[in-house]
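S.K.: Structure incoming, see below.
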Amino acid sequence: MPDMWTSNLLLHELSALVAGLFLLTAFGLIATRQVLACLRTFVLQSLFLALSAFVLGYLNASASLLAVGAITVVVKIVLIPWLLLKTLGDELRARREISQVLNIPTSLLIALAIVVFSYFVSVRILAVAPKGASAMNLPIGMAGLLLGAYAMTVRREAVPQIIAILSMENGAFFAGIAIAPHLPLIAELSGAFDVLIITRVMGVLVMKVHERVGTTAVGDLVTLREE
Amino acid sequence: MELFYVLGLPLLTAFLSLLPAKNRNFPAALTILDALLVLAASWLVVLKVSGGAPIIAVKDWLECDAFGGLLLLLVSFVGFTAAIFSWGYTKNIVEPNGAERVRRYYWRYNLFLASMLAVPILAQLTLVWMAVELTTLLSVFLVSFPNTPEAIEAAWKYAVLTCMGAALALFGILMLYWGVAATGGDAFTWTTLLNATPNMPPILVETAFLFILVGFGTKAGLVPLHTWLPDAHSQAPSAICALLSGVETSTALYCLIRMVPCAQGAPGAAPEKWILAFGLATCACAALLLIQVREYKRLLAFSTIEHMGIILVAVGLGGSASYFGAAYQMMSHSFAKSFCFLAAGAVLRITGTRDIGSIRGLIHESPFVGTALLVGAFAISGAPPFAVFLSELNILRAGISSAQYVATGLLVVFIVIAFCGITFHLSRMVFGEPVAKLKRARPPLSYVFSIVLAGIPMALFGLYMPNSLMELLRLASHALGR
C-alpha cells in the first residue's frame, strides 16, 4: 500500500524496528545459557509481537489486530510466565547452564543459515504476493518459527523446550498478523487457548518427569529407542 | 442434529465421569453407553451422507460430507470397542486412590474422543487445526497414565514433537488464509479454500502445503518426524493405543489429504509429488525398522507408520481408482489395527511382558488370545481374505493401470517386507513350546468381548461389504480429487 508508506512512514519504520528486535529475541532464545533468561527473552519476544500487532492494527485500521495485541499481552506476557513459575518455579530458578547438543557459537551460525533460508523462501512468495503483505514480518516470522524448531531440537532440557515451542507459535503469529491483517478473532483465540493448554499440560508433565525419572534433562531420556 | 449429539455426548460424559460415584465402575459403564450412542449417531450420519449430499448443521461451522462421515464412523467404532476394553483395564487399578485415577482416566478418555470426533465435522480450518492440536494435548496424560518412567518419557516425546508439528501447520494455515482473504473469501472453510486456490499464487500454496505436510505429517507419523510414534503407541494403555494407532493418526492424515485437492487447484502446484515421496520414504523406513523390533506393541506401531505411508502413496499416485484405494485402506487399517492393539493388550495382561522373545506358544496356553493375535497379524499385514489385502490390491492395481511402475513396484517391495516382518515376529509368539508360565490364565471378560466385537467388521469386510459402505467409500474418495 504505497499511500500508507508515505503517510505513516514513522510507524512503518517502527514496525520494521520491532521486527528486527523480534528476530534478535529469537536469536536470544538460542544463545541464552540459563532457564530464567530464556523465559525473560520469551516474554520480551511476546512483547514485540504485541507491539507489532498494535502498530499494524493502527496502520490497517483493523480492530482484530488490536485485539490480537491485547490477547498476546494477557496470555503470553502475564499468564504463561505466571503458570510456568507456579508449576516449575524451582526448575526455572536453577542456576545451571542449559545442556545442549551443539555449543552456542555453532548454534548461532546454523541459526544464521536458517534466517537466510527463510528470507529466500519469503522473497519468492512476496514477489507474487497478494497486496497487504508486510515485507518484514513474513521472513522474520518464518525465521522465528524455524529458529524455535531448531532451539527445540538442540536444547536437551524440558523447560527450554517448552519455551521454544511457545516461541514457534510467536513466529507463526508474527507472520500471521502481517499477512492476514483481518485475521478472524477465532484464529487468535484458538492460538492463545492452545499455548495456554500447552503450558499447562507440559508443565505438569515436566513435574511427572522430574518425580519419576529424577531429571528434567530430557535429552537423557533414551530408554525407548531402536537398537 | 446428529452432529451435535456426536460432539455433545462425549463432552457430557466426560463431566459426568468426574462425579464421585460410589460404584467404581460407574464412569466405565457410562463411557460404554456413551460410546454406543455416539456410534449410533455416527451411523445415522453415514446413512445420510452416503445419499450424496453433505449434512450442514450450522453453515460454515459444523458440516459433514462423506469423507468426514467415514472418519466419524471409524473413530466412533474404535471409541466403542476401546471403551469396553477399558472396563477391564481400569478395574485392575487398585493402588491407593484408585477410584480417583479411574475417574480421571475416563474424563480424559471422553475428552480425547470428543476432540477426535470434532476434526471431521468442523468446517473452519483454524478450528480443525485446534481440534487436531487438542487430540494431542488431551491424550498426553492418557499415554503417561501407567505412570512408569517409560510411559512418561513416551508422553514427553509425543507432546513435544507433535506440538512442534502443530506450530508448523499453523504457519501453513495462516499463509493459506492470507491467500483466501486476498481472493475475497470470508469464512475460512474447506469449501472456500477449495474454491480459492485456483486464484492464489502457486508458490504461496506450495510453500503453505509443505509446512502443513510436515506439521500434520508429524502427527500422522511420517518420516522423518515419526520417532515419537513407536514410543507413545507402545507405552500407552492398550485401549488408548487402539485409539492412537487406529484412528488418531487417521484424523491427522484426513486433514492432510483434504489439503491435497486444495493445493492441486493452484496452477502448476504439484503437491502429489511431495505426498508420493514422503509416503514412499515412510513405507521404506517403517518396513525396514519393523524387522528389528523386540517388543510386539512397538512392532504394531511401526506397522501403523507403514500404513500411513501406504495411504499417502495411494493419494500421491492420483486417479479416482487410487483415491478409492486410499479411502478403503484408511478404513481397513482402522478396523484391523485397533483389533491388533486390543489383542496385544490381552497378551500383555496374561503374560506381563512386552518382549517378543520371552513369549512362546501362546496358542497352547491361551487359545483365545493366541488365535486373536495370529488373526490380527494376518489381517494387518495384508493377507487374504482380510480387508487390508483388498485395499492394498486396489491401490497396486490403480498404480499399475496409471503406469507408475517404479512407485508401485517399490510399494510392493515394502508391503512384502512388512508382511514378512509382522507375521514372522507374531507367529513366533503364537507357536512353539511355552517358555514361561503365564501370569494369569485368561484375560478379563471385557477384553474377550471387545476383541470379538472389533474382529467382526475386520473379518466381515474382507468377504462382504455392505452397499451403503461401498457407496460411502466411493463418495469419500471424491473428496480426495478435484
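Note on naming: chains are A, B, ... as they come in the C-alpha cells, residues start from 1 per chain, ligands start from 1 in the order shown.
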Write down as a ChimeraX atom specification the residues belonging to range 36-196 of chain A that are assigned helix (DSSP H, G or I) by DSSP computed on the backbone.
M.R.: /A:36-59,63-93,104-127,137-154,158-179,185-196
S.K.: Mind listing as a count of residues only which residues of chain A are within 7 Å of chain B, counting only C-alpha atoms?
M.R.: 22
S.K.: I want to know what sits within 10 Å of Leu362 in chain B, based on only C-alpha atoms, with residues of the same chain fewer than 2 positions away left out; could you give that as a PyMOL selection string?
M.R.: chain B and resi 347+350-351+359-360+364-371+373-374+427-435+438
S.K.: Would you save the residues of that selection, restricted to C-alpha atoms, as a PDB file, in the first residue's frame?
M.R.:
ATOM      1  CA  VAL B 347      -1.337 -60.653  25.571  1.00  0.00           C
ATOM      2  CA  ILE B 350      -1.782 -62.500  30.633  1.00  0.00           C
ATOM      3  CA  THR B 351       1.991 -62.570  30.103  1.00  0.00           C
ATOM      4  CA  ILE B 359       6.695 -65.233  24.769  1.00  0.00           C
ATOM      5  CA  ARG B 360       6.329 -68.601  23.057  1.00  0.00           C
ATOM      6  CA  HIS B 364      -1.281 -73.645  23.787  1.00  0.00           C
ATOM      7  CA  GLU B 365      -1.510 -71.581  26.946  1.00  0.00           C
ATOM      8  CA  SER B 366      -4.419 -69.385  25.964  1.00  0.00           C
ATOM      9  CA  PRO B 367      -6.091 -70.482  22.729  1.00  0.00           C
ATOM     10  CA  PHE B 368      -8.298 -67.407  22.502  1.00  0.00           C
ATOM     11  CA  VAL B 369      -5.548 -64.812  22.884  1.00  0.00           C
ATOM     12  CA  GLY B 370      -3.179 -66.778  20.668  1.00  0.00           C
ATOM     13  CA  THR B 371      -5.741 -67.050  17.893  1.00  0.00           C
ATOM     14  CA  LEU B 373      -3.028 -62.337  17.857  1.00  0.00           C
ATOM     15  CA  LEU B 374      -2.474 -64.607  14.885  1.00  0.00           C
ATOM     16  CA  SER B 427       3.783 -66.158  14.777  1.00  0.00           C
ATOM     17  CA  ARG B 428       6.944 -66.789  16.808  1.00  0.00           C
ATOM     18  CA  MET B 429       4.950 -65.661  19.838  1.00  0.00           C
ATOM     19  CA  VAL B 430       1.924 -67.766  18.973  1.00  0.00           C
ATOM     20  CA  PHE B 431       3.557 -71.120  18.147  1.00  0.00           C
ATOM     21  CA  GLY B 432       6.329 -73.170  19.704  1.00  0.00           C
ATOM     22  CA  GLU B 433       6.926 -74.501  23.175  1.00  0.00           C
ATOM     23  CA  PRO B 434       5.857 -72.219  26.028  1.00  0.00           C
ATOM     24  CA  VAL B 435       8.941 -70.874  27.845  1.00  0.00           C
ATOM     25  CA  LEU B 438       1.552 -67.168  32.305  1.00  0.00           C
TER      26      LEU B 438
END
S.K.: Please determine, counting only C-alpha atoms, which residue among B:Phe145, B:Tyr89, B:Phe324, B:Phe77 has the shortest atom-to-atom distance to Leu113 in chain B.
M.R.: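 Counting only C-alpha atoms, the residue closest to Leu113 in chain B is B:Phe77.
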S.K.: Quick one: everything within 10 Å of Tyr296 in chain B, counting only C-alpha atoms, minus sequence neighbours fewer than 5 positions away in the same chain. Send it as a list in words.
M.R.: Ser234, Leu290, Ala301, Phe302, Phe341, Ala344, Val347, Leu348, Thr353, Arg354, Asp355, Ile356, Gly357, Ile422, His425, Leu426 and Met429 of chain B
S.K.: Would you put the residues from that selection into a file with N, CA and C atoms, as a compact mmCIF listing (two decimals), in the first residue's frame?
M.R.:
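Generated file (part_3.txt):
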# COMPACT_ATOMS: atom_id res chain seq x y z
N SER B 234 3.41 -47.55 22.00
CA SER B 234 3.70 -48.82 22.66
C SER B 234 3.58 -48.71 24.17
N LEU B 290 10.69 -52.28 11.23
CA LEU B 290 9.88 -53.23 12.00
C LEU B 290 10.46 -54.64 11.98
N ALA B 301 3.13 -50.52 16.21
CA ALA B 301 3.25 -49.08 15.98
C ALA B 301 3.97 -48.82 14.67
N PHE B 302 5.03 -49.58 14.40
CA PHE B 302 5.73 -49.39 13.13
C PHE B 302 4.83 -49.75 11.96
N PHE B 341 -4.24 -54.04 18.47
CA PHE B 341 -3.79 -53.48 19.75
C PHE B 341 -4.60 -54.02 20.91
N ALA B 344 -3.13 -57.33 21.50
CA ALA B 344 -1.83 -57.16 22.15
C ALA B 344 -2.02 -56.81 23.62
N VAL B 347 -2.60 -59.92 25.42
CA VAL B 347 -1.34 -60.65 25.57
C VAL B 347 -0.54 -60.06 26.73
N LEU B 348 -0.48 -58.73 26.76
CA LEU B 348 0.28 -58.06 27.82
C LEU B 348 -0.31 -58.40 29.19
N THR B 353 4.58 -59.17 29.89
CA THR B 353 5.79 -58.67 29.25
C THR B 353 5.48 -58.14 27.85
N ARG B 354 6.29 -57.16 27.42
CA ARG B 354 6.13 -56.63 26.08
C ARG B 354 7.12 -57.24 25.11
N ASP B 355 7.99 -58.09 25.65
CA ASP B 355 9.11 -58.59 24.87
C ASP B 355 8.69 -59.75 23.99
N ILE B 356 8.99 -59.67 22.70
CA ILE B 356 8.62 -60.75 21.79
C ILE B 356 9.35 -62.04 22.17
N GLY B 357 10.65 -61.90 22.51
CA GLY B 357 11.49 -63.06 22.76
C GLY B 357 11.06 -63.91 23.94
N ILE B 422 6.03 -58.70 10.18
CA ILE B 422 4.94 -58.81 11.16
C ILE B 422 4.59 -60.26 11.41
N HIS B 425 7.43 -62.19 13.40
CA HIS B 425 7.53 -61.89 14.83
C HIS B 425 6.33 -62.42 15.60
N LEU B 426 5.13 -62.15 15.08
CA LEU B 426 3.94 -62.51 15.85
C LEU B 426 3.70 -64.02 15.86
N MET B 429 5.55 -65.73 18.50
CA MET B 429 4.95 -65.66 19.84
C MET B 429 3.84 -66.67 19.99
S.K.: What's the 10 Å shell around range 155-160 of chain A, counting only C-alpha atoms, without same-chain residues fewer than 3 positions away, as a PyMOL selection string?
M.R.: (chain A and resi 29-30+32-39+84+88+91-92+98-102+150-152+163-166+199+202-203+205-207+209-210+215-221) or (chain B and resi 156+160)
S.K.: Write to file, as an mmCIF file, in the first residue's frame, the residues of the selection just made, with C-alpha atoms.
M.R.:
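What ended up in again-v4.cif:
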data_model
loop_
_atom_site.group_PDB
_atom_site.id
_atom_site.type_symbol
_atom_site.label_atom_id
_atom_site.label_comp_id
_atom_site.auth_asym_id
_atom_site.auth_seq_id
_atom_site.Cartn_x
_atom_site.Cartn_y
_atom_site.Cartn_z
ATOM 1 C CA LEU A 29 16.395 -17.851 22.790
ATOM 2 C CA ILE A 30 19.139 -19.911 21.206
ATOM 3 C CA THR A 32 20.809 -17.861 26.453
ATOM 4 C CA ARG A 33 22.558 -20.177 28.849
ATOM 5 C CA GLN A 34 20.125 -20.157 31.742
ATOM 6 C CA VAL A 35 16.498 -21.112 32.028
ATOM 7 C CA LEU A 36 15.224 -17.923 33.628
ATOM 8 C CA ALA A 37 16.962 -15.817 30.977
ATOM 9 C CA CYS A 38 15.276 -17.988 28.393
ATOM 10 C CA LEU A 39 11.858 -17.196 29.872
ATOM 11 C CA LEU A 84 5.368 -21.608 34.401
ATOM 12 C CA LEU A 88 8.017 -25.122 37.662
ATOM 13 C CA GLU A 91 13.292 -25.565 37.524
ATOM 14 C CA LEU A 92 13.225 -22.001 36.257
ATOM 15 C CA ILE A 98 21.281 -25.488 29.909
ATOM 16 C CA SER A 99 22.769 -28.564 28.307
ATOM 17 C CA GLN A 100 22.702 -28.505 24.521
ATOM 18 C CA VAL A 101 23.539 -30.876 21.709
ATOM 19 C CA LEU A 102 25.643 -28.265 19.932
ATOM 20 C CA TYR A 150 15.780 -25.534 15.872
ATOM 21 C CA ALA A 151 16.064 -24.447 19.509
ATOM 22 C CA MET A 152 13.665 -27.208 20.467
ATOM 23 C CA ILE A 163 9.671 -22.152 25.683
ATOM 24 C CA ALA A 164 10.988 -22.987 22.212
ATOM 25 C CA ILE A 165 7.595 -24.409 21.205
ATOM 26 C CA LEU A 166 5.836 -21.308 22.522
ATOM 27 C CA THR A 199 1.990 -24.658 29.016
ATOM 28 C CA MET A 202 3.682 -29.759 29.578
ATOM 29 C CA GLY A 203 4.306 -28.074 32.901
ATOM 30 C CA LEU A 205 4.305 -33.437 32.537
ATOM 31 C CA VAL A 206 7.696 -31.972 33.434
ATOM 32 C CA MET A 207 6.820 -32.363 37.098
ATOM 33 C CA VAL A 209 9.244 -36.487 34.593
ATOM 34 C CA HIS A 210 11.096 -34.925 37.487
ATOM 35 C CA THR A 215 15.912 -35.312 35.982
ATOM 36 C CA THR A 216 14.496 -32.761 33.589
ATOM 37 C CA ALA A 217 17.362 -33.104 31.153
ATOM 38 C CA VAL A 218 15.014 -34.750 28.699
ATOM 39 C CA GLY A 219 17.902 -35.342 26.309
ATOM 40 C CA ASP A 220 18.863 -38.185 28.631
ATOM 41 C CA LEU A 221 15.557 -39.967 28.084
ATOM 42 C CA TRP B 156 7.024 -36.186 26.755
ATOM 43 C CA VAL B 160 6.998 -32.060 22.298
#
S.K.: Just the residues within 10 Å of Leu73 in chain B, please, counting only C-alpha atoms, with nothing from its chain fewer than 6 positions along; format it as an MDAnalysis selection string.
M.R.: chainID B and resid 38:46 79 117 331
S.K.: Can you write just those residues out, N, CA, C and O atoms, as a PDB file, in the first residue's frame?
M.R.:
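This went into again_7.pdb:
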ATOM      1  N   VAL B  38     -22.854 -42.648  20.538  1.00  0.00           N
ATOM      2  CA  VAL B  38     -22.118 -41.889  19.533  1.00  0.00           C
ATOM      3  C   VAL B  38     -21.973 -42.711  18.256  1.00  0.00           C
ATOM      4  O   VAL B  38     -22.102 -42.204  17.142  1.00  0.00           O
ATOM      5  N   LEU B  39     -21.740 -44.019  18.449  1.00  0.00           N
ATOM      6  CA  LEU B  39     -21.621 -44.893  17.285  1.00  0.00           C
ATOM      7  C   LEU B  39     -22.930 -44.900  16.499  1.00  0.00           C
ATOM      8  O   LEU B  39     -22.927 -44.804  15.264  1.00  0.00           O
ATOM      9  N   ALA B  40     -24.048 -44.969  17.229  1.00  0.00           N
ATOM     10  CA  ALA B  40     -25.349 -44.961  16.553  1.00  0.00           C
ATOM     11  C   ALA B  40     -25.555 -43.653  15.801  1.00  0.00           C
ATOM     12  O   ALA B  40     -25.986 -43.644  14.641  1.00  0.00           O
ATOM     13  N   ALA B  41     -25.218 -42.535  16.456  1.00  0.00           N
ATOM     14  CA  ALA B  41     -25.384 -41.236  15.804  1.00  0.00           C
ATOM     15  C   ALA B  41     -24.504 -41.152  14.565  1.00  0.00           C
ATOM     16  O   ALA B  41     -24.922 -40.646  13.512  1.00  0.00           O
ATOM     17  N   SER B  42     -23.262 -41.663  14.667  1.00  0.00           N
ATOM     18  CA  SER B  42     -22.368 -41.624  13.519  1.00  0.00           C
ATOM     19  C   SER B  42     -22.921 -42.463  12.379  1.00  0.00           C
ATOM     20  O   SER B  42     -22.793 -42.107  11.209  1.00  0.00           O
ATOM     21  N   TRP B  43     -23.531 -43.588  12.751  1.00  0.00           N
ATOM     22  CA  TRP B  43     -24.101 -44.438  11.717  1.00  0.00           C
ATOM     23  C   TRP B  43     -25.234 -43.709  10.990  1.00  0.00           C
ATOM     24  O   TRP B  43     -25.352 -43.780   9.758  1.00  0.00           O
ATOM     25  N   LEU B  44     -26.037 -42.947  11.749  1.00  0.00           N
ATOM     26  CA  LEU B  44     -27.090 -42.146  11.117  1.00  0.00           C
ATOM     27  C   LEU B  44     -26.480 -41.117  10.165  1.00  0.00           C
ATOM     28  O   LEU B  44     -26.972 -40.904   9.057  1.00  0.00           O
ATOM     29  N   VAL B  45     -25.382 -40.497  10.621  1.00  0.00           N
ATOM     30  CA  VAL B  45     -24.698 -39.519   9.770  1.00  0.00           C
ATOM     31  C   VAL B  45     -24.243 -40.201   8.485  1.00  0.00           C
ATOM     32  O   VAL B  45     -24.432 -39.681   7.376  1.00  0.00           O
ATOM     33  N   VAL B  46     -23.658 -41.399   8.637  1.00  0.00           N
ATOM     34  CA  VAL B  46     -23.157 -42.117   7.469  1.00  0.00           C
ATOM     35  C   VAL B  46     -24.285 -42.418   6.498  1.00  0.00           C
ATOM     36  O   VAL B  46     -24.154 -42.225   5.287  1.00  0.00           O
ATOM     37  N   GLY B  79     -13.707 -46.049  19.261  1.00  0.00           N
ATOM     38  CA  GLY B  79     -14.003 -45.477  20.570  1.00  0.00           C
ATOM     39  C   GLY B  79     -14.876 -46.412  21.395  1.00  0.00           C
ATOM     40  O   GLY B  79     -14.702 -46.540  22.607  1.00  0.00           O
ATOM     41  N   LEU B 117     -13.557 -36.696  17.350  1.00  0.00           N
ATOM     42  CA  LEU B 117     -14.815 -36.628  16.613  1.00  0.00           C
ATOM     43  C   LEU B 117     -15.022 -35.241  16.020  1.00  0.00           C
ATOM     44  O   LEU B 117     -15.707 -35.078  15.017  1.00  0.00           O
ATOM     45  N   MET B 331     -10.002 -47.168   6.025  1.00  0.00           N
ATOM     46  CA  MET B 331     -10.994 -47.905   6.782  1.00  0.00           C
ATOM     47  C   MET B 331     -10.436 -49.241   7.257  1.00  0.00           C
ATOM     48  O   MET B 331     -10.530 -49.583   8.443  1.00  0.00           O
TER      49      MET B 331
END
S.K.: Find, counting only C-alpha atoms, the residue in A:Leu65, A:Gly89, A:Leu185, A:Asn170 that gets nearest to Leu47 in chain A.
M.R.: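 Closest to Leu47 in chain A of all the choices is A:Asn170.
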S.K.: Considering only C-alpha atoms, give me a table of residues in range 143-227 of chain A that are at most 8 Å from range 103-123 of chain A, with the closest atom pair and distance in Å for each, as CSV.
M.R.:
residue,atom,partner,partner_atom,distance
A:Ala143,CA,A:Val115,CA,5.2
A:Leu146,CA,A:Ile114,CA,7.0
A:Leu147,CA,A:Ala111,CA,6.3
A:Tyr150,CA,A:Ala111,CA,7.8
S.K.: Go through A:Met142, A:Arg124, A:Ala70, A:Ser167 one by one, measure the shortest atom-to-atom distance of each to Thr41 in chain A using only C-alpha atoms, and give the residue with the smallest value.
M.R.: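 Closest candidate: A:Ser167.
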S.K.: May I have the residues within 12 Å of Leu472 in chain B as number ranges by chain, using only C-alpha atoms and disregarding those fewer than 6 positions away in the same chain?
M.R.: B: 43, 45-54, 65-73, 324, 327-328, 331, 465-466, 478-479
S.K.: In Å to one decimal, how far is CA of Leu74 in chain B from CA of Arg108 in chain B?
M.R.: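 Result for CA of Arg108 in chain B versus CA of Leu74 in chain B: 19.4 Å, one decimal.
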S.K.: Ranking B:Ala284, B:Arg349, B:Leu9, B:Cys262 by minimum distance to Ala407 in chain B and counting only C-alpha atoms, which one comes first?
M.R.: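 Looking only at the distances to Ala407 in chain B, the closest residue turns out to be B:Ala284.
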S.K.: CA of Gly325 in chain B to CA of Tyr158 in chain B: how many Å, to one decimal?
M.R.: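 Pair CA of Gly325 in chain B / CA of Tyr158 in chain B returns 29.5 Å.
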S.K.: So the first atom is CA of Ala82 in chain B and the second is CA of Val375 in chain B; what is the distance between them in Å, to one decimal place?
M.R.: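 Separation between CA of Ala82 in chain B and CA of Val375 in chain B: 18.4 Å.
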S.K.: When distances are computed from only C-alpha atoms, which of B:Leu30, B:Met116, B:Val75, B:Leu122 shows the smallest separation from Lys59 in chain B?
M.R.: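 Looking only at the distances to Lys59 in chain B, the closest residue turns out to be B:Leu122.
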